[in-house]
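Beneath this line is the structure, given in structure tokens, with notes to follow.
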Amino acid sequence: MIEKRNILFMLSCFLLLFWTAVFSSVAHGEDVAGSEDHPLISRFPGSTIVYHEQVGFDEYVLPLGGLDDERNLSESRRVAGKVTRIQYSTPEDYSTFEVYKNYELALKEAGFEILFSGTNEELSWRWTSILYDYGEVNQPLPSEVLEKNLLVSEDDFRYLSAELSRAGEGNVYVALTVSRTQSADGPGIQLDIVEETSMEEDKITIDADAMASEIGRGGSVSIQEIYFDTGKATLKDESDVALEEIAKLVHQESGMRFYVVGHTDSQGALDYNMALSERRAASVVEALVEHHDVDANRLTPKGVGPLAPIATNETQEGRAQNRRVAIVKK
């Protein structure tokens with residue numbers, strides 16, 4: 001098993017082998033406030049952090065294939081854990097190939113397996129826009145995207161997905177894109193790192209009376225403490241507490257009927273999310289009927305995918321809030 005300190009050392013040393021001592025004297029530009037390199041992967045020499053975001057626990061769609069005929073990912077893997085997203089601008093003297101190849105070789109030396117890779121010629125037009133959810137295909141890029149200096153060029157980019165298996169620990173996943181940007185002379189780097197971790201539980205107490213009060217005020221209550229296997233409608237054991245309280249709610253409000261509504265974030269294809277949200281709602285109803293003696297005639301499962309967000313889908317925190325199940329009074 002490769003220890004974290006060894007991974008950092010190997011990555012740092014391997015990258016630096018490609019550069020002369022003169023380069024080390026070149027000062028970095030000013031990083032955005034509050035940002036830092038990830039402890040497992042050093043920056044490309046001379047590059048500057050232009051965007052940094054970190055979420056303690058979230059879901060991430062890792063591409064493992066190109067786009068299908070409907071311009072959706074043909075193959076992917078949903079992973080979950082601590083998600084760090086860093087964007088770097090690099091000196092203008094280097095090609096995207098040179099920057100990309102340094103990262104690729106360093107990752108391999110550190111024990112990562114390259115799961116998937118491709119170039120702009122292989123992955124087709126608007127790959128980065130679709131991958132990083134910049135906006136709808138064939139539509140102008142939003143101003144907030146351009147302001148963040150995201151990787152918006154389709155002319156010269158290289159991408160890879162990689163995995164580091166760690167016995168006894170969660171795996172680490174990397175999604176890397178090196179691209180020419182619209183607002184910088186040198187290549188831009190989008191480095192996303194997912195470290196598998198266990199989610200902290202018991203943060204919120206689910207209470208049937210509190211849910212009843214919320215339904216009385218607004219006609220519905222949102223519940224985020226129902227958990228599913230990644231990309232599936234299979235309920236996890238951690239959902240049992242919430243399911244038990246929902247059953248109490250249905251039993252004590254004996255004159256009411258309810259919709260059980262599944263919600264997703266906006267990541268991925270709309271049709272996929274719509275179908276997934278309905279399957280998840282149906283799984284909740286099935287569990288309530290089979291294991292909590294709830295009358296099936298009082299519950300109707302529905303799925304609305306990403307169509308009714310309660311937070312922005314432009315941040316990982318917002319997307320986490322949007323993934324939920326709602327109990328709605330009929």
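The way I read the labels, and the way they are meant: chains A, B, ... in the order of the structure tokens, residue 1 as the first residue of every chain, and ligand 1 as the first ligand shown, with later ones counted on from there.
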*asked:* Set the distance at 12 Å and use only C-alpha atoms: which residues neighbour Phe97 in chain A once local chain neighbours fewer than 6 positions away are removed? I'd like the list as number ranges by chain.
replied: A: 103-105, 118-120, 156-159, 177-180, 186-189
Would you put the residues from that selection into a file with N, CA, C and O atoms, as a CSV table (one decimal), in the first residue's frame?
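The file below, selection_11.csv, is the result:
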chain,number,residue,atom,x,y,z
A,103,TYR,N,1.5,14.9,-15.9
A,103,TYR,CA,0.6,14.4,-14.9
A,103,TYR,C,0.3,12.9,-15.2
A,103,TYR,O,0.3,12.1,-14.2
A,104,GLU,N,0.1,12.5,-16.4
A,104,GLU,CA,-0.1,11.1,-16.7
A,104,GLU,C,1.0,10.2,-16.2
A,104,GLU,O,0.8,9.2,-15.5
A,105,LEU,N,2.2,10.5,-16.5
A,105,LEU,CA,3.4,9.7,-16.1
A,105,LEU,C,3.5,9.7,-14.6
A,105,LEU,O,3.8,8.7,-14.0
A,118,GLY,N,-8.6,10.4,-23.5
A,118,GLY,CA,-8.9,10.8,-24.8
A,118,GLY,C,-8.5,12.3,-25.1
A,118,GLY,O,-8.2,13.0,-24.2
A,119,THR,N,-8.6,12.7,-26.4
A,119,THR,CA,-8.2,14.0,-26.8
A,119,THR,C,-9.5,14.7,-27.4
A,119,THR,O,-10.5,14.0,-27.6
A,120,ASN,N,-9.3,15.9,-27.8
A,120,ASN,CA,-10.4,16.6,-28.4
A,120,ASN,C,-10.9,16.0,-29.7
A,120,ASN,O,-12.0,15.9,-30.1
A,156,ASP,N,-8.1,22.1,-28.2
A,156,ASP,CA,-6.9,21.4,-27.9
A,156,ASP,C,-6.9,21.0,-26.4
A,156,ASP,O,-6.5,21.6,-25.5
A,157,PHE,N,-7.6,19.8,-26.1
A,157,PHE,CA,-7.7,19.3,-24.8
A,157,PHE,C,-7.4,17.9,-24.7
A,157,PHE,O,-7.5,17.1,-25.7
A,158,ARG,N,-6.9,17.4,-23.5
A,158,ARG,CA,-6.6,16.0,-23.2
A,158,ARG,C,-7.2,15.7,-21.9
A,158,ARG,O,-7.1,16.5,-20.9
A,159,TYR,N,-7.8,14.5,-21.8
A,159,TYR,CA,-8.5,14.1,-20.6
A,159,TYR,C,-8.1,12.7,-20.1
A,159,TYR,O,-7.8,11.8,-21.0
A,177,THR,N,-8.3,17.3,-16.9
A,177,THR,CA,-8.4,17.8,-18.2
A,177,THR,C,-7.3,18.9,-18.3
A,177,THR,O,-7.2,19.8,-17.5
A,178,VAL,N,-6.6,18.9,-19.4
A,178,VAL,CA,-5.6,19.9,-19.7
A,178,VAL,C,-6.1,20.5,-21.1
A,178,VAL,O,-6.3,19.8,-22.0
A,179,SER,N,-6.3,21.8,-21.1
A,179,SER,CA,-6.9,22.5,-22.2
A,179,SER,C,-6.4,23.9,-22.4
A,179,SER,O,-6.0,24.5,-21.5
A,180,ARG,N,-6.5,24.4,-23.7
A,180,ARG,CA,-6.3,25.8,-23.9
A,180,ARG,C,-7.5,26.5,-23.4
A,180,ARG,O,-8.6,26.0,-23.6
A,186,GLY,N,-1.3,30.2,-21.6
A,186,GLY,CA,-0.9,28.9,-21.4
A,186,GLY,C,-2.0,27.9,-21.1
A,186,GLY,O,-3.2,28.3,-21.0
A,187,PRO,N,-1.8,26.6,-21.1
A,187,PRO,CA,-2.8,25.6,-20.9
A,187,PRO,C,-3.5,25.8,-19.5
A,187,PRO,O,-2.8,26.3,-18.6
A,188,GLY,N,-4.7,25.4,-19.4
A,188,GLY,CA,-5.4,25.4,-18.2
A,188,GLY,C,-5.6,23.9,-17.7
A,188,GLY,O,-5.7,23.0,-18.5
A,189,ILE,N,-5.6,23.7,-16.4
A,189,ILE,CA,-5.7,22.4,-15.8
A,189,ILE,C,-6.9,22.3,-14.9
A,189,ILE,O,-7.1,23.2,-14.1
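Going from CA of Asp37 in chain A to CA of Ile114 in chain A covers 21.4 Å.
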_Nearby residues (only C-alpha atoms) at most 12 Å from Gly66 in chain A, same-chain spacing under 4 positions excluded, as a list in words_ =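 Final neighbour list, sorted by chain and number: Leu62, Glu70, Arg71, Asn72, Leu73, Ser74, Glu75, Ser76, Phe116, Ser117, Gly118, Thr119, Asn120, Glu121, Glu122, Leu123, Ser124, Trp125, Arg126, Trp127, Thr128, Ile130, Leu131, Tyr159, Leu160 and Ser161 of chain A.
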Spatial neighbours of range 282-285 of chain A, 9 Å, only C-alpha atoms, chain gap at least 4 places, as an mmCIF file with C-alpha atoms, in the first residue's frame:
data_model
loop_
_atom_site.group_PDB
_atom_site.id
_atom_site.type_symbol
_atom_site.label_atom_id
_atom_site.label_comp_id
_atom_site.auth_asym_id
_atom_site.auth_seq_id
_atom_site.Cartn_x
_atom_site.Cartn_y
_atom_site.Cartn_z
ATOM 1 C CA ILE A 226 -32.728 8.539 2.628
ATOM 2 C CA ALA A 233 -32.517 2.818 -6.638
ATOM 3 C CA THR A 234 -31.321 0.371 -3.973
ATOM 4 C CA LEU A 235 -31.915 1.734 -0.471
ATOM 5 C CA LEU A 243 -38.218 5.278 6.737
ATOM 6 C CA VAL A 260 -43.500 10.164 -2.510
ATOM 7 C CA VAL A 261 -41.392 12.264 -4.874
ATOM 8 C CA GLY A 262 -37.800 11.542 -5.888
ATOM 9 C CA SER A 277 -35.787 9.626 -9.371
ATOM 10 C CA GLU A 278 -39.007 7.695 -10.020
ATOM 11 C CA VAL A 289 -45.335 -1.146 2.414
ATOM 12 C CA GLU A 290 -43.297 -4.319 2.909
ATOM 13 C CA VAL A 294 -48.125 1.044 5.310
ATOM 14 C CA ALA A 296 -49.896 0.951 -0.559
ATOM 15 C CA LEU A 299 -48.724 6.353 -1.327
ATOM 16 C CA THR A 300 -47.992 7.235 -4.963
ATOM 17 C CA PRO A 301 -44.363 7.314 -6.169
ATOM 18 C CA LYS A 302 -43.338 10.025 -8.621
ATOM 19 C CA GLY A 303 -40.008 11.287 -9.942
ATOM 20 C CA VAL A 325 -37.067 12.549 -1.346
#
Nearby residues (only C-alpha atoms) at most 10 Å from Phe44 in chain A, same-chain spacing under 3 positions excluded, as a PDB file with N, CA and C atoms, in the first residue's frame:
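Generated file (result-v2.pdb):
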ATOM      1  N   SER A  12       5.556  14.705  -6.838  1.00  0.00           N
ATOM      2  CA  SER A  12       6.333  15.940  -6.871  1.00  0.00           C
ATOM      3  C   SER A  12       7.667  15.726  -7.584  1.00  0.00           C
ATOM      4  N   LEU A  15       7.289  15.052 -11.483  1.00  0.00           N
ATOM      5  CA  LEU A  15       7.003  16.265 -12.242  1.00  0.00           C
ATOM      6  C   LEU A  15       8.236  17.142 -12.369  1.00  0.00           C
ATOM      7  N   LEU A  16       8.970  17.277 -11.277  1.00  0.00           N
ATOM      8  CA  LEU A  16      10.113  18.193 -11.276  1.00  0.00           C
ATOM      9  C   LEU A  16      11.282  17.691 -12.109  1.00  0.00           C
ATOM     10  N   ILE A  41      -1.226  15.499  -4.787  1.00  0.00           N
ATOM     11  CA  ILE A  41      -0.759  15.805  -6.132  1.00  0.00           C
ATOM     12  C   ILE A  41      -0.242  17.237  -6.182  1.00  0.00           C
ATOM     13  N   SER A  47       2.558  27.095 -12.266  1.00  0.00           N
ATOM     14  CA  SER A  47       1.118  27.302 -12.441  1.00  0.00           C
ATOM     15  C   SER A  47       0.508  28.010 -11.235  1.00  0.00           C
ATOM     16  N   THR A  48      -0.683  28.554 -11.427  1.00  0.00           N
ATOM     17  CA  THR A  48      -1.379  29.341 -10.420  1.00  0.00           C
ATOM     18  C   THR A  48      -2.801  28.823 -10.252  1.00  0.00           C
ATOM     19  N   TYR A  88      -5.940  25.291 -12.491  1.00  0.00           N
ATOM     20  CA  TYR A  88      -4.658  25.993 -12.567  1.00  0.00           C
ATOM     21  C   TYR A  88      -4.511  26.641 -13.949  1.00  0.00           C
ATOM     22  N   SER A  89      -3.897  27.806 -13.970  1.00  0.00           N
ATOM     23  CA  SER A  89      -3.379  28.355 -15.219  1.00  0.00           C
ATOM     24  C   SER A  89      -1.874  28.098 -15.231  1.00  0.00           C
ATOM     25  N   THR A  90      -1.307  27.861 -16.414  1.00  0.00           N
ATOM     26  CA  THR A  90       0.100  27.502 -16.521  1.00  0.00           C
ATOM     27  C   THR A  90       0.832  28.504 -17.415  1.00  0.00           C
ATOM     28  N   PRO A  91       2.165  28.514 -17.367  1.00  0.00           N
ATOM     29  CA  PRO A  91       2.934  29.409 -18.235  1.00  0.00           C
ATOM     30  C   PRO A  91       2.662  29.128 -19.707  1.00  0.00           C
ATOM     31  N   VAL A  99       2.083  19.319 -20.579  1.00  0.00           N
ATOM     32  CA  VAL A  99       1.516  19.396 -19.237  1.00  0.00           C
ATOM     33  C   VAL A  99       0.780  18.108 -18.896  1.00  0.00           C
ATOM     34  N   TYR A 100      -0.070  17.646 -19.821  1.00  0.00           N
ATOM     35  CA  TYR A 100      -0.845  16.427 -19.610  1.00  0.00           C
ATOM     36  C   TYR A 100       0.061  15.225 -19.386  1.00  0.00           C
ATOM     37  N   ASN A 102       3.081  15.032 -18.268  1.00  0.00           N
ATOM     38  CA  ASN A 102       3.712  15.048 -16.953  1.00  0.00           C
ATOM     39  C   ASN A 102       2.789  14.465 -15.895  1.00  0.00           C
ATOM     40  N   TYR A 103       1.544  14.882 -15.914  1.00  0.00           N
ATOM     41  CA  TYR A 103       0.584  14.359 -14.940  1.00  0.00           C
ATOM     42  C   TYR A 103       0.332  12.870 -15.150  1.00  0.00           C
ATOM     43  N   ILE A 189      -5.554  23.739 -16.402  1.00  0.00           N
ATOM     44  CA  ILE A 189      -5.652  22.404 -15.807  1.00  0.00           C
ATOM     45  C   ILE A 189      -6.894  22.347 -14.928  1.00  0.00           C
TER      46      ILE A 189
END
List the spatial neighbours of Lys248 in chain A as a PDB file with N, CA and C atoms, in the first residue's frame - criterion: any atom at most 12 Å away, only C-alpha atoms, same-chain residues fewer than 2 positions off excluded.
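Saved to around.pdb:
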ATOM      1  N   ILE A 206     -34.634  12.714  12.494  1.00  0.00           N
ATOM      2  CA  ILE A 206     -35.877  12.691  11.748  1.00  0.00           C
ATOM      3  C   ILE A 206     -37.011  12.419  12.724  1.00  0.00           C
ATOM      4  N   ASP A 207     -38.019  13.238  12.682  1.00  0.00           N
ATOM      5  CA  ASP A 207     -39.101  13.129  13.651  1.00  0.00           C
ATOM      6  C   ASP A 207     -40.437  13.229  12.929  1.00  0.00           C
ATOM      7  N   ALA A 208     -41.333  12.257  13.173  1.00  0.00           N
ATOM      8  CA  ALA A 208     -42.625  12.228  12.488  1.00  0.00           C
ATOM      9  C   ALA A 208     -43.452  13.461  12.803  1.00  0.00           C
ATOM     10  N   ASP A 209     -43.442  13.920  14.055  1.00  0.00           N
ATOM     11  CA  ASP A 209     -44.220  15.100  14.431  1.00  0.00           C
ATOM     12  C   ASP A 209     -43.723  16.351  13.712  1.00  0.00           C
ATOM     13  N   ALA A 210     -42.384  16.481  13.605  1.00  0.00           N
ATOM     14  CA  ALA A 210     -41.822  17.632  12.900  1.00  0.00           C
ATOM     15  C   ALA A 210     -42.198  17.590  11.414  1.00  0.00           C
ATOM     16  N   MET A 211     -42.181  16.409  10.817  1.00  0.00           N
ATOM     17  CA  MET A 211     -42.585  16.284   9.424  1.00  0.00           C
ATOM     18  C   MET A 211     -44.051  16.647   9.241  1.00  0.00           C
ATOM     19  N   ALA A 212     -44.896  16.217  10.187  1.00  0.00           N
ATOM     20  CA  ALA A 212     -46.324  16.539  10.109  1.00  0.00           C
ATOM     21  C   ALA A 212     -46.550  18.040  10.188  1.00  0.00           C
ATOM     22  N   VAL A 241     -33.810   4.732   9.665  1.00  0.00           N
ATOM     23  CA  VAL A 241     -34.374   5.655  10.652  1.00  0.00           C
ATOM     24  C   VAL A 241     -35.402   6.567   9.995  1.00  0.00           C
ATOM     25  N   ALA A 242     -35.046   7.129   8.842  1.00  0.00           N
ATOM     26  CA  ALA A 242     -35.974   8.026   8.144  1.00  0.00           C
ATOM     27  C   ALA A 242     -37.223   7.277   7.692  1.00  0.00           C
ATOM     28  N   LEU A 243     -37.065   6.059   7.182  1.00  0.00           N
ATOM     29  CA  LEU A 243     -38.218   5.278   6.737  1.00  0.00           C
ATOM     30  C   LEU A 243     -39.164   4.984   7.896  1.00  0.00           C
ATOM     31  N   GLU A 244     -38.602   4.690   9.047  1.00  0.00           N
ATOM     32  CA  GLU A 244     -39.435   4.410  10.216  1.00  0.00           C
ATOM     33  C   GLU A 244     -40.266   5.635  10.615  1.00  0.00           C
ATOM     34  N   GLU A 245     -39.657   6.812  10.558  1.00  0.00           N
ATOM     35  CA  GLU A 245     -40.377   8.023  10.929  1.00  0.00           C
ATOM     36  C   GLU A 245     -41.417   8.404   9.870  1.00  0.00           C
ATOM     37  N   ILE A 246     -41.105   8.142   8.594  1.00  0.00           N
ATOM     38  CA  ILE A 246     -42.112   8.386   7.557  1.00  0.00           C
ATOM     39  C   ILE A 246     -43.315   7.477   7.773  1.00  0.00           C
ATOM     40  N   VAL A 250     -47.282   8.525   8.305  1.00  0.00           N
ATOM     41  CA  VAL A 250     -48.411   8.033   7.519  1.00  0.00           C
ATOM     42  C   VAL A 250     -49.459   7.398   8.425  1.00  0.00           C
ATOM     43  N   HIS A 251     -49.018   6.648   9.434  1.00  0.00           N
ATOM     44  CA  HIS A 251     -49.965   5.996  10.338  1.00  0.00           C
ATOM     45  C   HIS A 251     -50.722   7.011  11.179  1.00  0.00           C
ATOM     46  N   GLN A 252     -50.030   8.024  11.686  1.00  0.00           N
ATOM     47  CA  GLN A 252     -50.707   8.960  12.580  1.00  0.00           C
ATOM     48  C   GLN A 252     -51.593   9.950  11.804  1.00  0.00           C
ATOM     49  N   GLU A 253     -51.275  10.192  10.546  1.00  0.00           N
ATOM     50  CA  GLU A 253     -52.122  11.041   9.702  1.00  0.00           C
ATOM     51  C   GLU A 253     -53.003  10.132   8.844  1.00  0.00           C
ATOM     52  N   SER A 254     -53.867   9.392   9.505  1.00  0.00           N
ATOM     53  CA  SER A 254     -54.591   8.301   8.848  1.00  0.00           C
ATOM     54  C   SER A 254     -55.571   8.772   7.774  1.00  0.00           C
ATOM     55  N   LEU A 288     -41.718   0.973   2.603  1.00  0.00           N
ATOM     56  CA  LEU A 288     -42.736   1.347   3.595  1.00  0.00           C
ATOM     57  C   LEU A 288     -43.866   0.328   3.640  1.00  0.00           C
ATOM     58  N   HIS A 292     -42.979  -1.754   6.875  1.00  0.00           N
ATOM     59  CA  HIS A 292     -43.533  -0.865   7.896  1.00  0.00           C
ATOM     60  C   HIS A 292     -45.056  -0.843   7.886  1.00  0.00           C
ATOM     61  N   ASP A 293     -45.646  -1.839   7.236  1.00  0.00           N
ATOM     62  CA  ASP A 293     -47.097  -2.038   7.288  1.00  0.00           C
ATOM     63  C   ASP A 293     -47.884  -0.803   6.863  1.00  0.00           C
ATOM     64  N   VAL A 294     -47.418  -0.121   5.848  1.00  0.00           N
ATOM     65  CA  VAL A 294     -48.125   1.044   5.310  1.00  0.00           C
ATOM     66  C   VAL A 294     -49.012   0.592   4.154  1.00  0.00           C
TER      67      VAL A 294
END
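Taking CA of Val304 in chain A and CA of Gly318 in chain A as endpoints, the distance between them is 16.9 Å.
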*Choose the residue, out of A:Gln190, A:Glu92, A:Gly168, A:Tyr173, that has the smallest atom-to-atom separation from Val50 in chain A; count only C-alpha atoms.*
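Residue with the minimum atom-to-atom distance to Val50 in chain A: A:Gln190.
Taking only C-alpha atoms, the non-local environment of Glu195 in chain A within 8 Å (same-chain residues fewer than 3 positions away omitted) comprises Ala80, Gly81, Lys82, Val83, Gly170, Asn171, Val172 and Tyr173 of chain A.
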Selected residues, N, CA, C and O atoms, written as a PDB file, in the first residue's frame, please.
ATOM      1  N   ALA A  80     -18.208   8.318  -4.545  1.00  0.00           N
ATOM      2  CA  ALA A  80     -18.591   9.259  -3.489  1.00  0.00           C
ATOM      3  C   ALA A  80     -17.464   9.391  -2.484  1.00  0.00           C
ATOM      4  O   ALA A  80     -16.730   8.438  -2.208  1.00  0.00           O
ATOM      5  N   GLY A  81     -17.325  10.579  -1.932  1.00  0.00           N
ATOM      6  CA  GLY A  81     -16.303  10.836  -0.933  1.00  0.00           C
ATOM      7  C   GLY A  81     -15.978  12.313  -0.864  1.00  0.00           C
ATOM      8  O   GLY A  81     -16.780  13.171  -1.251  1.00  0.00           O
ATOM      9  N   LYS A  82     -14.803  12.620  -0.372  1.00  0.00           N
ATOM     10  CA  LYS A  82     -14.329  14.009  -0.300  1.00  0.00           C
ATOM     11  C   LYS A  82     -13.922  14.448  -1.695  1.00  0.00           C
ATOM     12  O   LYS A  82     -13.057  13.845  -2.323  1.00  0.00           O
ATOM     13  N   VAL A  83     -14.541  15.510  -2.199  1.00  0.00           N
ATOM     14  CA  VAL A  83     -14.318  15.964  -3.563  1.00  0.00           C
ATOM     15  C   VAL A  83     -13.574  17.300  -3.550  1.00  0.00           C
ATOM     16  O   VAL A  83     -14.019  18.257  -2.920  1.00  0.00           O
ATOM     17  N   GLY A 170     -10.189   3.949   1.565  1.00  0.00           N
ATOM     18  CA  GLY A 170     -10.971   4.251   0.385  1.00  0.00           C
ATOM     19  C   GLY A 170     -10.075   4.529  -0.807  1.00  0.00           C
ATOM     20  O   GLY A 170      -8.962   5.050  -0.668  1.00  0.00           O
ATOM     21  N   ASN A 171     -10.526   4.182  -1.998  1.00  0.00           N
ATOM     22  CA  ASN A 171      -9.768   4.457  -3.208  1.00  0.00           C
ATOM     23  C   ASN A 171      -9.752   5.957  -3.506  1.00  0.00           C
ATOM     24  O   ASN A 171     -10.560   6.716  -2.984  1.00  0.00           O
ATOM     25  N   VAL A 172      -8.831   6.355  -4.361  1.00  0.00           N
ATOM     26  CA  VAL A 172      -8.738   7.747  -4.801  1.00  0.00           C
ATOM     27  C   VAL A 172      -8.960   7.779  -6.307  1.00  0.00           C
ATOM     28  O   VAL A 172      -8.386   6.975  -7.048  1.00  0.00           O
ATOM     29  N   TYR A 173      -9.806   8.697  -6.759  1.00  0.00           N
ATOM     30  CA  TYR A 173     -10.090   8.849  -8.178  1.00  0.00           C
ATOM     31  C   TYR A 173      -9.659  10.240  -8.635  1.00  0.00           C
ATOM     32  O   TYR A 173      -9.822  11.217  -7.911  1.00  0.00           O
TER      33      TYR A 173
END
*Which residue gives the smallest distance to Thr84 in chain A among A:Val221, A:Ala247, A:Ala326, A:Val55, with only C-alpha atoms counted?*
A:Val55
*A:Gly56, A:Ser239, A:Thr264, A:Ala269 ranked by distance to Pro306 in chain A, top pick (using only C-alpha atoms)*: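 Of all the options, A:Thr264 lies closest to Pro306 in chain A.
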*Go through A:Thr197, A:Asn313, A:Ser222, A:Thr230 one by one, measure the shortest atom-to-atom distance of each to Glu59 in chain A using only C-alpha atoms, and give the residue with the smallest value.*
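With only C-alpha atoms as the atom set, the closest residue is A:Thr230.
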